Structure formats: C-alpha cells, structure tokens
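Participant: Sharing entry_31.csv (CSV, C-alpha atoms) below.
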chain,number,residue,atom,x,y,z
A,1,MET,CA,-20.8,14.8,-17.3
A,2,GLY,CA,-20.4,11.2,-16.1
A,3,LYS,CA,-22.4,9.7,-13.3
A,4,PHE,CA,-21.0,9.8,-9.8
A,5,VAL,CA,-19.3,6.6,-8.7
A,6,PHE,CA,-18.5,5.4,-5.1
A,7,VAL,CA,-16.3,2.3,-4.8
A,8,TYR,CA,-16.8,0.6,-1.5
A,9,ASP,CA,-17.0,-2.9,0.1
A,10,ASN,CA,-13.2,-3.5,-0.5
A,11,TYR,CA,-13.1,-7.2,-1.2
A,12,ALA,CA,-9.3,-7.1,-1.7
A,13,ASP,CA,-8.8,-6.6,2.1
A,14,THR,CA,-10.2,-10.0,2.8
A,15,GLY,CA,-9.0,-11.7,-0.3
A,16,THR,CA,-5.6,-13.2,-1.2
A,17,LEU,CA,-3.1,-10.9,-3.1
A,18,SER,CA,-0.2,-12.5,-4.9
A,19,GLY,CA,2.0,-12.2,-8.0
A,20,GLY,CA,4.9,-9.9,-8.8
A,21,SER,CA,8.1,-9.6,-6.8
A,22,TYR,CA,8.0,-7.6,-3.5
A,23,VAL,CA,10.5,-6.5,-0.9
A,24,SER,CA,10.3,-8.9,2.0
A,25,THR,CA,9.9,-6.0,4.5
A,26,LEU,CA,7.3,-4.2,2.3
A,27,PRO,CA,5.1,-7.1,1.1
A,28,LEU,CA,2.0,-6.9,-1.0
A,29,SER,CA,-0.1,-7.7,2.1
A,30,ASN,CA,0.7,-4.1,3.3
A,31,ALA,CA,-1.8,-2.9,0.7
A,32,GLN,CA,-4.6,-4.5,2.7
A,33,ASP,CA,-3.9,-2.2,5.6
A,34,GLN,CA,-5.9,1.0,6.0
A,35,ASP,CA,-2.7,2.9,6.9
A,36,ILE,CA,-1.6,4.1,3.4
A,37,ALA,CA,1.8,4.9,4.7
A,38,ARG,CA,2.4,1.2,5.2
A,39,VAL,CA,3.3,0.6,1.5
A,40,ALA,CA,4.0,-2.4,-0.7
A,41,ARG,CA,7.1,-2.1,-2.8
A,42,THR,CA,8.3,-4.2,-5.7
A,43,THR,CA,11.9,-5.3,-6.0
A,44,ASN,CA,12.2,-3.7,-9.5
A,45,PRO,CA,10.0,-1.8,-12.0
A,46,LEU,CA,9.6,-4.6,-14.5
A,47,THR,CA,6.0,-5.5,-15.4
A,48,THR,CA,6.6,-9.1,-14.3
A,49,SER,CA,7.4,-7.8,-10.8
A,50,THR,CA,4.6,-5.2,-10.6
A,51,ILE,CA,1.7,-7.4,-11.4
A,52,ILE,CA,-1.0,-7.9,-8.7
A,53,ARG,CA,-3.2,-11.0,-8.7
A,54,ALA,CA,-6.3,-11.0,-6.5
A,55,ASP,CA,-8.4,-14.0,-5.4
A,56,LEU,CA,-11.4,-12.5,-3.7
A,57,GLY,CA,-12.3,-15.8,-2.1
A,58,ILE,CA,-15.8,-16.0,-3.6
A,59,ALA,CA,-17.3,-14.4,-6.7
A,60,ARG,CA,-18.2,-10.7,-6.1
A,61,PRO,CA,-20.0,-7.9,-7.8
A,62,VAL,CA,-17.0,-5.7,-8.7
A,63,GLY,CA,-17.4,-2.2,-10.3
A,64,GLY,CA,-14.2,-0.5,-9.5
A,65,ILE,CA,-10.4,-1.2,-9.1
A,66,ILE,CA,-8.1,1.3,-7.4
A,67,VAL,CA,-4.4,1.1,-6.6
A,68,GLY,CA,-2.6,3.9,-4.7
A,69,PRO,CA,-1.2,6.2,-3.7
A,70,ILE,CA,1.3,5.0,-6.3
A,71,ASN,CA,4.7,6.4,-7.3
A,72,ALA,CA,3.8,6.3,-11.0
A,73,SER,CA,6.2,8.1,-13.3
A,74,PRO,CA,5.1,10.3,-16.2
A,75,GLY,CA,3.4,8.2,-18.9
A,76,ALA,CA,3.0,5.1,-16.6
A,77,GLN,CA,0.2,2.7,-17.8
A,78,TYR,CA,-1.9,-0.1,-16.5
A,79,ARG,CA,-4.2,-2.9,-17.5
A,80,VAL,CA,-6.9,-4.6,-15.4
A,81,ARG,CA,-8.4,-8.0,-16.3
A,82,ALA,CA,-11.0,-10.2,-14.7
A,83,TYR,CA,-10.9,-14.0,-15.1
A,84,ASP,CA,-13.3,-16.9,-14.9
A,85,ALA,CA,-10.8,-19.3,-13.3
A,86,ALA,CA,-8.0,-19.2,-10.8
A,87,GLY,CA,-5.3,-19.9,-13.4
A,88,TRP,CA,-5.5,-16.3,-14.7
A,89,ASP,CA,-5.5,-17.9,-18.2
A,90,ALA,CA,-5.9,-15.7,-21.3
A,91,GLY,CA,-8.7,-17.9,-22.4
A,92,ASP,CA,-10.8,-17.2,-19.3
A,93,ILE,CA,-10.9,-13.4,-19.5
A,94,SER,CA,-14.3,-11.9,-18.6
A,95,TYR,CA,-13.2,-8.2,-18.6
A,96,ASP,CA,-10.2,-6.4,-20.1
A,97,SER,CA,-9.7,-2.7,-19.5
A,98,GLY,CA,-7.1,-2.6,-22.3
A,99,LEU,CA,-3.9,-0.6,-21.9
A,100,LYS,CA,-4.5,2.8,-20.3
A,101,THR,CA,-2.5,5.7,-19.0
A,102,ILE,CA,-2.7,6.3,-15.2
A,103,ALA,CA,-4.8,9.4,-14.7
A,104,GLY,CA,-2.9,12.6,-14.1
A,105,VAL,CA,0.6,11.5,-15.4
A,106,VAL,CA,-0.1,12.9,-18.8
A,107,VAL,CA,-2.3,15.8,-19.8
A,108,PRO,CA,-3.0,17.7,-23.0
A,109,SER,CA,0.0,20.0,-23.7
A,110,LEU,CA,-2.3,23.0,-24.4
A,111,ASP,CA,-3.5,22.8,-20.9
A,112,LEU,CA,0.0,23.8,-19.7
A,113,GLU,CA,1.9,27.0,-20.0
A,114,TRP,CA,4.8,26.8,-22.5
A,115,GLU,CA,7.2,27.6,-19.7
A,116,ASP,CA,6.1,24.6,-17.7
A,117,PRO,CA,8.9,21.9,-17.5
A,118,GLY,CA,6.5,19.2,-18.8
A,119,PHE,CA,4.9,21.2,-21.6
A,120,TRP,CA,6.5,19.4,-24.5
A,121,ASN,CA,5.6,16.0,-23.2
A,122,GLY,CA,2.2,16.8,-21.8
A,123,ILE,CA,3.3,16.1,-18.3
A,124,ASP,CA,1.8,18.3,-15.5
A,125,ILE,CA,4.8,17.9,-13.1
A,126,ASP,CA,3.3,20.2,-10.5
A,127,THR,CA,0.1,18.2,-10.2
A,128,ILE,CA,2.0,14.9,-9.9
A,129,ASP,CA,4.0,16.4,-7.1
A,130,GLU,CA,1.0,18.0,-5.3
A,131,LEU,CA,-1.5,15.2,-5.3
A,132,PRO,CA,-1.4,11.5,-4.6
A,133,THR,CA,-1.6,9.5,-7.8
A,134,TYR,CA,-4.1,6.6,-8.1
A,135,LEU,CA,-4.7,3.9,-10.7
A,136,ILE,CA,-8.4,4.3,-11.2
A,137,GLU,CA,-10.4,1.7,-13.2
A,138,VAL,CA,-14.1,2.3,-13.0
A,139,ILE,CA,-15.8,-0.5,-15.1
A,140,PRO,CA,-18.2,1.3,-17.5
A,141,GLU,CA,-21.9,0.6,-17.1
A,142,ALA,CA,-22.0,-0.8,-20.6
A,143,SER,CA,-19.2,-3.2,-19.7
A,144,LEU,CA,-20.2,-4.2,-16.2
A,145,LEU,CA,-19.4,-7.8,-15.5
A,146,SER,CA,-22.5,-9.8,-16.3
A,147,THR,CA,-21.6,-12.4,-13.6
A,148,LEU,CA,-20.0,-12.2,-10.2
A,149,THR,CA,-16.2,-12.5,-10.5
A,150,GLN,CA,-13.5,-13.8,-8.1
A,151,TRP,CA,-10.1,-13.5,-9.9
A,152,PHE,CA,-8.4,-10.2,-11.0
A,153,ALA,CA,-5.0,-9.2,-12.4
A,154,ILE,CA,-3.7,-5.7,-12.3
A,155,GLU,CA,-0.6,-4.9,-14.4
A,156,ILE,CA,1.3,-1.7,-13.6
A,157,ILE,CA,3.5,-0.9,-16.6
A,158,ASP,CA,6.2,1.6,-15.6
A,159,PRO,CA,9.5,0.0,-16.4
A,160,ALA,CA,11.3,3.3,-16.6
A,161,ASN,CA,10.3,4.4,-13.1
A,162,SER,CA,13.3,6.4,-11.8
A,163,ALA,CA,12.8,5.1,-8.3
A,164,GLY,CA,13.6,1.6,-9.5
A,165,TYR,CA,10.4,0.1,-8.1
A,166,ALA,CA,6.6,0.5,-7.9
A,167,GLU,CA,5.3,1.5,-4.5
A,168,PHE,CA,1.6,1.9,-3.4
A,169,GLY,CA,-0.4,2.1,-0.3
A,170,ARG,CA,-3.8,0.4,-1.0
A,171,VAL,CA,-5.5,-2.0,-3.4
A,172,LEU,CA,-9.3,-1.6,-3.6
A,173,ILE,CA,-11.4,-4.0,-5.6
A,174,GLY,CA,-15.0,-3.3,-4.7
A,175,ARG,CA,-18.6,-2.8,-5.4
A,176,ALA,CA,-19.4,0.5,-7.2
A,177,TRP,CA,-22.6,2.5,-6.6
A,178,ARG,CA,-23.8,4.7,-9.4
A,179,PRO,CA,-27.1,6.5,-8.5
A,180,SER,CA,-30.0,6.3,-10.9
A,181,ILE,CA,-30.1,10.1,-10.8
A,182,ASN,CA,-26.8,12.0,-10.5
A,183,TYR,CA,-26.1,14.4,-7.6
A,184,GLY,CA,-27.7,17.9,-8.0
A,185,TYR,CA,-26.0,21.1,-9.1
A,186,SER,CA,-27.1,22.6,-5.8
A,187,GLY,CA,-26.1,21.3,-2.4
A,188,ASN,CA,-22.7,20.1,-3.5
A,189,SER,CA,-19.2,21.4,-2.7
A,190,PHE,CA,-15.6,20.5,-3.2
A,191,GLY,CA,-13.0,21.9,-0.9
A,192,ILE,CA,-9.6,21.8,0.8
A,193,ASP,CA,-9.4,21.4,4.5
A,194,PRO,CA,-6.0,22.7,5.8
A,195,ARG,CA,-4.8,20.8,8.8
A,196,THR,CA,-2.7,23.7,10.0
A,197,GLU,CA,-2.5,24.4,13.7
A,198,ILE,CA,-2.3,28.2,14.4
A,199,VAL,CA,-0.8,29.5,17.7
A,200,GLU,CA,-1.3,33.2,18.5
A,201,SER,CA,1.1,34.9,21.0
A,202,GLU,CA,-0.1,37.5,23.5
A,203,GLY,CA,1.2,40.1,21.1
A,204,GLY,CA,-0.9,38.8,18.3
A,205,LEU,CA,1.9,37.1,16.3
A,206,GLU,CA,0.6,33.9,14.7
A,207,THR,CA,2.8,30.9,14.1
A,208,PHE,CA,1.7,28.0,11.9
A,209,ASP,CA,2.3,24.3,12.1
A,210,GLU,CA,1.5,23.1,8.6
A,211,ARG,CA,0.4,19.4,8.7
A,212,GLY,CA,-0.8,19.1,5.1
A,213,GLN,CA,-4.3,19.4,3.9
A,214,ARG,CA,-7.1,17.1,2.7
A,215,ARG,CA,-9.8,17.3,0.1
A,216,THR,CA,-13.5,17.2,1.0
A,217,LEU,CA,-16.6,16.6,-1.0
A,218,ARG,CA,-20.3,16.9,-0.4
A,219,VAL,CA,-22.8,15.6,-2.8
A,220,ALA,CA,-26.6,15.5,-2.4
A,221,PHE,CA,-29.0,13.1,-4.1
A,222,ASP,CA,-32.4,14.8,-3.9
A,223,ASN,CA,-34.8,12.3,-5.5
A,224,LEU,CA,-34.1,8.6,-5.6
A,225,ALA,CA,-36.4,5.7,-5.7
A,226,GLU,CA,-37.3,4.1,-2.3
A,227,ASP,CA,-35.8,0.8,-3.4
A,228,GLU,CA,-32.5,2.5,-4.2
A,229,ILE,CA,-32.5,4.5,-1.0
A,230,PHE,CA,-33.2,1.5,1.3
A,231,GLY,CA,-31.2,-0.8,-0.9
A,232,ASP,CA,-27.9,0.6,-2.2
A,233,VAL,CA,-27.7,3.7,0.1
A,234,PHE,CA,-28.6,1.8,3.2
A,235,ARG,CA,-26.0,-0.8,2.4
A,236,ILE,CA,-23.3,1.9,2.1
A,237,MET,CA,-24.4,3.5,5.4
A,238,ASN,CA,-24.4,0.2,7.2
A,239,ARG,CA,-21.1,-1.2,5.8
A,240,GLN,CA,-19.0,1.9,5.6
A,241,GLY,CA,-19.7,3.8,8.8
A,242,VAL,CA,-17.1,6.4,9.4
A,243,SER,CA,-14.1,4.1,9.5
A,244,LYS,CA,-14.1,2.1,6.3
A,245,GLN,CA,-12.3,3.5,3.3
A,246,GLY,CA,-13.9,3.9,-0.2
A,247,PHE,CA,-12.9,5.8,-3.3
A,248,VAL,CA,-15.0,8.6,-4.6
A,249,VAL,CA,-15.1,9.5,-8.3
A,250,PRO,CA,-17.4,12.5,-8.9
A,251,ASP,CA,-17.2,12.4,-12.7
A,252,PRO,CA,-15.4,9.4,-14.3
A,253,ASP,CA,-15.8,11.1,-17.7
A,254,ASP,CA,-13.7,14.1,-16.6
A,255,GLU,CA,-10.3,12.7,-17.6
A,256,GLU,CA,-8.6,16.0,-17.4
A,257,HIS,CA,-9.4,16.6,-13.8
A,258,LEU,CA,-9.9,13.0,-12.6
A,259,LEU,CA,-6.8,13.1,-10.4
A,260,ARG,CA,-7.9,16.4,-8.7
A,261,ARG,CA,-11.5,15.4,-8.1
A,262,SER,CA,-11.2,11.7,-7.1
A,263,PHE,CA,-9.7,10.5,-3.8
A,264,LEU,CA,-9.5,7.8,-1.2
A,265,ALA,CA,-12.1,8.8,1.4
A,266,THR,CA,-14.1,8.0,4.5
A,267,PHE,CA,-17.4,9.6,5.6
A,268,LYS,CA,-17.3,12.6,7.9
A,269,GLN,CA,-20.6,11.2,9.3
A,270,VAL,CA,-22.8,8.3,8.4
A,271,PRO,CA,-25.3,9.5,5.7
A,272,GLU,CA,-28.9,9.9,6.6
A,273,ILE,CA,-32.0,9.2,4.6
A,274,ALA,CA,-35.0,11.5,4.2
A,275,GLN,CA,-38.3,10.5,2.6
A,276,VAL,CA,-39.4,13.4,0.3
A,277,LEU,CA,-42.2,12.1,-1.7
A,278,PHE,CA,-44.3,8.9,-1.9
A,279,ALA,CA,-41.8,6.1,-2.6
A,280,ARG,CA,-39.0,8.6,-3.1
A,281,GLY,CA,-36.1,9.6,-0.8
A,282,SER,CA,-33.0,11.8,-0.6
A,283,THR,CA,-29.6,11.6,1.0
A,284,ALA,CA,-26.2,13.4,1.1
A,285,PHE,CA,-22.7,12.2,1.3
A,286,ASP,CA,-19.9,14.1,3.1
A,287,PHE,CA,-16.4,12.8,2.4
A,288,LYS,CA,-13.0,13.6,3.7
A,289,GLU,CA,-9.7,12.4,2.1
A,290,VAL,CA,-7.7,9.7,3.7
A,291,LEU,CA,-4.1,10.9,4.4
Would you mind giving the structure from this file in structure tokens?
Facilitator:
Amino acid sequence: MGKFVFVYDNYADTGTLSGGSYVSTLPLSNAQDQDIARVARTTNPLTTSTIIRADLGIARPVGGIIVGPINASPGAQYRVRAYDAAGWDAGDISYDSGLKTIAGVVVPSLDLEWEDPGFWNGIDIDTIDELPTYLIEVIPEASLLSTLTQWFAIEIIDPANSAGYAEFGRVLIGRAWRPSINYGYSGNSFGIDPRTEIVESEGGLETFDERGQRRTLRVAFDNLAEDEIFGDVFRIMNRQGVSKQGFVVPDPDDEEHLLRRSFLATFKQVPEIAQVLFARGSTAFDFKEVL
C-alpha cells in the first residue's frame, strides 16, 4: 500500500498557462476556474495542440500534477516534465515522468468478464463512462524535485480521440502532502453520496429527482509528530478551508483502482488537530468530490 497523498496549493491557478492550440471560446485559462464545467478545449487532438506549458511565476515545491476531468480515449497517454528555464528546453529538464497511460483507460483484461466489450483490449468501458477521468502524476518520493521549480510542460497524447479534440476542466500543479505515518485501518471510510431529491406523496408514492452522486472519503491520522501537525497539517487547514480544491490520492500504488479511489475534492469541514501524547498529535480529513 502506498502512502496517502493530498495535492493542494494549486499554483497553476495563479500562474500562466500557454502552449497548444485552443478554441477561442474555450481557452486554456478556463482550466484555472474552479467550475469544472467551464472547460478548455483544443482545436484538434494532435499532441502539438494538446500540450500545456505552465509558468508558476516563481519557483514552487511541486509534488503533484493533475489534469481533468478529461475526455481521454482508451489507451490515451501523457508525459510531464519540469524545466530549469523558461525556454522549456530539453537540456534543462529537472523531472521527466516518462510516457505513461492515463489511469483507468486501460486495465488488465483478466479483471474484466469476457463478455465485456473492452475485454480483448483491456479497456473497462463501463468505468470510463461512470467516472470522471483524470491525468494523475504524483511525483514519487524518491524522485521529488530537489529544488523548487517554476516551469512545467504536460503533454496529452491522444491523437485518435474520437471527439476530435482534448477537453478538460482543471489543471492542478501543487504541493503534495504525504504523512510520515499513513492513515489508520480504523477510522476511515470511502462512500458514495447520492444527490437524489426524494418527494413522497400523501399516499406514500416516492418520486426521485436524480442529480448525480459524489464520492466521499474520511481518513484519520492518529499519531503524527507535533512539528508535522502544526506545520504541514496546519498549512492545509489554513490554506484550503472548505472552498479551495485539492486532489486526494488515497493509495498512489493502487494502479488498478486509482481512478475509482482518487478525485478532485474539497473539505466537508476544516480539519481539527488533537494533541494525543507529548509532542504528538492527530487529525482527520473529510473530503467530498467536486462535481
């Protein structure tokens, strides 16, 4: 099991996004708006048109890069690189994710039933349709950037996209918190919150107004050092509040279920800190999915 990751402090919202070729009425700047329905759309699916270059303004401590919800087609890939200079020159690369498949667009065929339409290609078509797809690049701890970084390039490689373009709601390039001790096996829950309005008639007949559903997650950290509690956790509490968006990845090593378990989120309520032992503390995070 990998260690919990929360990507927050979205520096892309205050940075400058450029590159690619975007429809004038659906520009790349739309991805800096918290309304994920206000999408950015490229003019075509060619990689030269779907690249995103980000200048964060100043060098930042980046640990996670997220793009989505995105209309990625089965087998779509991506590549994320960080640069030491504004020219985005190959000689200045400080981090390179390599070529990766976007999570959820391909799964092991043996995880599907042979009757499934995507069985032979390892494509879980039902999951792609049910859940929003995100490009998720969590920089591994062993590869964390040794210096603060200002310039990033995100390549979306999906030239066969049947829609004829790439479309996405948000770009997050942010700080990533990994607790020193992972969340406990007790005190956590993952759920679905149906947003269905139920109206009952006088005779008892119920009618349902289905308005979608959102994922929820609660994780508890029972024993963290005081410096971490009043450093990293306090920073998250203070900066995120209940309105700022982040991206939660409960287990970055769980590639098979990464799309199901990870989502764009806000806090249901600002986390609280409890001191449990001398110089030790605890906290719990309650997330709800951004729709």
Participant: What would the list of residues within 10 Å of (-2.3, -5.0, 0.1) (file frame) look like as a list in words, if only C-alpha atoms are what count?
Facilitator: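 Residues lying no farther than 10 Å from the given point: Ala12, Asp13, Thr14, Gly15, Thr16, Leu17, Ser18, Leu26, Pro27, Leu28, Ser29, Asn30, Ala31, Gln32, Asp33, Gln34, Ile36, Arg38, Val39, Ala40, Ile52, Ala54, Val67, Phe168, Gly169, Arg170, Val171 and Leu172 of chain A.
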Participant: Just write the chosen residues, C-alpha atoms, as a JSON list (two decimals), in the coordinates of the input.
Facilitator:
[["chain", "number", "residue", "atom", "x", "y", "z"],
["A", 12, "ALA", "CA", -9.30, -7.10, -1.70],
["A", 13, "ASP", "CA", -8.80, -6.60, 2.10],
["A", 14, "THR", "CA", -10.20, -10.00, 2.80],
["A", 15, "GLY", "CA", -9.00, -11.70, -0.30],
["A", 16, "THR", "CA", -5.60, -13.20, -1.20],
["A", 17, "LEU", "CA", -3.10, -10.90, -3.10],
["A", 18, "SER", "CA", -0.20, -12.50, -4.90],
["A", 26, "LEU", "CA", 7.30, -4.20, 2.30],
["A", 27, "PRO", "CA", 5.10, -7.10, 1.10],
["A", 28, "LEU", "CA", 2.00, -6.90, -1.00],
["A", 29, "SER", "CA", -0.10, -7.70, 2.10],
["A", 30, "ASN", "CA", 0.70, -4.10, 3.30],
["A", 31, "ALA", "CA", -1.80, -2.90, 0.70],
["A", 32, "GLN", "CA", -4.60, -4.50, 2.70],
["A", 33, "ASP", "CA", -3.90, -2.20, 5.60],
["A", 34, "GLN", "CA", -5.90, 1.00, 6.00],
["A", 36, "ILE", "CA", -1.60, 4.10, 3.40],
["A", 38, "ARG", "CA", 2.40, 1.20, 5.20],
["A", 39, "VAL", "CA", 3.30, 0.60, 1.50],
["A", 40, "ALA", "CA", 4.00, -2.40, -0.70],
["A", 52, "ILE", "CA", -1.00, -7.90, -8.70],
["A", 54, "ALA", "CA", -6.30, -11.00, -6.50],
["A", 67, "VAL", "CA", -4.40, 1.10, -6.60],
["A", 168, "PHE", "CA", 1.60, 1.90, -3.40],
["A", 169, "GLY", "CA", -0.40, 2.10, -0.30],
["A", 170, "ARG", "CA", -3.80, 0.40, -1.00],
["A", 171, "VAL", "CA", -5.50, -2.00, -3.40],
["A", 172, "LEU", "CA", -9.30, -1.60, -3.60]]
Participant: Which residues are close to range 211-226 of chain A, i.e. within 9 Å by all atoms listed in the file, leaving aside same-chain residues fewer than 4 positions away? Reply as a PyMOL selection string.
Facilitator: chain A and resi 179-197+230-231+248+250+261+263+265+275-291
Participant: Which residues come within 6 Å of Ala59 in chain A, counting all atoms listed in the file, excluding same-chain residues fewer than 4 positions away, as an NGL selection string?
Facilitator: :A and (148-150)
Participant: Those selected residues, please, written with C-alpha atoms and delivered as a PDB file, keeping the file's coordinate frame.
Facilitator:
ATOM      1  CA  LEU A 148     -20.000 -12.200 -10.200  1.00  0.00           C
ATOM      2  CA  THR A 149     -16.200 -12.500 -10.500  1.00  0.00           C
ATOM      3  CA  GLN A 150     -13.500 -13.800  -8.100  1.00  0.00           C
TER       4      GLN A 150
END
Participant: Quick check, in Å to one decimal: how far apart do CA of Tyr134 in chain A and CA of Ile70 in chain A lie?
Facilitator: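 Taking CA of Tyr134 in chain A as the start and CA of Ile70 in chain A as the end point, the length is 5.9 Å.
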Participant: Calculate how many Å separate CA of Thr47 in chain A from CA of Ser94 in chain A, rounding to one decimal.
Facilitator: 21.5 Å
